[in-house]
Each structure stands twice: as structure tokens, then as C-alpha cells.
Amino acid sequence: MDQLKDDTVKRLHRSLGSVLQAAIDARVEADRFPESFLLPDREEGAACPKCGGDLKKIEVSGRATYFCPRDQSRES
Ligand SMILES: [Zn+2]
């Protein structure tokens, strides 16, 4: 976290709250999650629910992670 800018940490905190609230509202049942969630589409090359681009798979701390390179790019 010491490499993230303060405003990035604040945005991340806000996003975590909204994602957690959406999951709670869906009673943590994946088939009730918002269509914008990647969880049901976790497969490399699956279509991003937002832009239709290919999802990519990487490993973060030993865990598989999926993301859309178009919508979730790194900040410079
Ligand atoms: Zn996308």
C-alpha cells in the first residue's frame, strides 16, 4: 500500500465498500451478483461484461485473478 497514491487508496476503499455491499445485497449468491461482476465469467478469454474484450488471467499472491486490460489498466 505504500506504493499507492493517497487518492488511489481512497478510491480503492470506496470501491471495496460498494463491491462488498453489492455482494451482501445479493446474499453472496454468485448467480444474483450484478452483471458487471466478473465472478461468473472467470475464464481467460471470456468476454468482459462491460466492453466485450478478452479477460486475462494472472496470478497474484498465488491466487488466480481475472481482469479486463481495457477497463482495469494500471495507473502510471
Ligand atoms: Zn472490459
# chains A, B, ... in the order shown; residues from 1 in each chain; ligands from 1
call {"tool": "closest_atom_pairs", "arguments": {"of": "chain A", "to": "ligand 1", "cutoff": "12 Å", "atoms": "only C-alpha atoms and all ligand atoms", "output": "CSV"}}
result
residue,atom,partner,partner_atom_place_in_ligand_line,distance
A:Ser36,CA,ligand 1,1 (Zn),9.7
A:Phe37,CA,ligand 1,1 (Zn),11.0
A:Leu38,CA,ligand 1,1 (Zn),9.8
A:Asp41,CA,ligand 1,1 (Zn),11.9
A:Gly45,CA,ligand 1,1 (Zn),11.4
A:Ala46,CA,ligand 1,1 (Zn),10.4
A:Ala47,CA,ligand 1,1 (Zn),7.8
A:Cys48,CA,ligand 1,1 (Zn),4.6
A:Pro49,CA,ligand 1,1 (Zn),6.6
A:Lys50,CA,ligand 1,1 (Zn),4.9
A:Cys51,CA,ligand 1,1 (Zn),4.1
A:Gly52,CA,ligand 1,1 (Zn),5.9
A:Gly53,CA,ligand 1,1 (Zn),5.3
A:Asp54,CA,ligand 1,1 (Zn),7.4
A:Leu55,CA,ligand 1,1 (Zn),7.4
A:Lys56,CA,ligand 1,1 (Zn),10.2
A:Tyr66,CA,ligand 1,1 (Zn),11.1
A:Phe67,CA,ligand 1,1 (Zn),8.0
A:Cys68,CA,ligand 1,1 (Zn),4.7
A:Pro69,CA,ligand 1,1 (Zn),6.8
A:Arg70,CA,ligand 1,1 (Zn),5.1
A:Asp71,CA,ligand 1,1 (Zn),4.6
A:Gln72,CA,ligand 1,1 (Zn),7.4
A:Ser73,CA,ligand 1,1 (Zn),9.8
call {"tool": "residues_around", "arguments": {"residues": "Ala30 (chain A)", "least_positions_apart": "3", "cutoff": "8 Å", "atoms": "only C-alpha atoms", "output": "PDB file with N, CA, C and O atoms, in the first residue's frame"}}
result
ATOM      1  N   ALA A  26     -26.772  -9.275  -2.643  1.00  0.00           N
ATOM      2  CA  ALA A  26     -27.066 -10.489  -3.414  1.00  0.00           C
ATOM      3  C   ALA A  26     -26.997 -11.729  -2.528  1.00  0.00           C
ATOM      4  O   ALA A  26     -27.043 -12.858  -3.043  1.00  0.00           O
ATOM      5  N   PHE A  33     -25.330 -11.901  -8.339  1.00  0.00           N
ATOM      6  CA  PHE A  33     -24.435 -10.751  -8.399  1.00  0.00           C
ATOM      7  C   PHE A  33     -24.785  -9.884  -9.604  1.00  0.00           C
ATOM      8  O   PHE A  33     -25.331 -10.366 -10.605  1.00  0.00           O
ATOM      9  N   LEU A  39     -17.131 -12.381 -11.614  1.00  0.00           N
ATOM     10  CA  LEU A  39     -17.137 -13.702 -10.984  1.00  0.00           C
ATOM     11  C   LEU A  39     -17.733 -14.808 -11.848  1.00  0.00           C
ATOM     12  O   LEU A  39     -17.117 -15.862 -11.995  1.00  0.00           O
ATOM     13  N   PRO A  40     -18.910 -14.624 -12.470  1.00  0.00           N
ATOM     14  CA  PRO A  40     -19.460 -15.717 -13.278  1.00  0.00           C
ATOM     15  C   PRO A  40     -18.661 -15.978 -14.557  1.00  0.00           C
ATOM     16  O   PRO A  40     -18.811 -17.022 -15.169  1.00  0.00           O
TER      17      PRO A  40
END
call {"tool": "select_by_dssp", "arguments": {"residues": "chain A", "states": "strand (DSSP E)", "output": "number ranges by chain"}}
result
A: 56-60, 63-67
call {"tool": "atom_distance", "arguments": {"atom1": "CA of Thr8 (chain A)", "atom2": "CA of Asp25 (chain A)"}}
result
25.5 Å
call {"tool": "atom_distance", "arguments": {"atom1": "CA of Arg32 (chain A)", "atom2": "CA of Arg63 (chain A)"}}
result
23.7 Å
call {"tool": "select_by_dssp", "arguments": {"residues": "chain A", "states": "helix (DSSP H, G or I)", "output": "ChimeraX atom specification"}}
result
/A:6-25,30-32,39-41
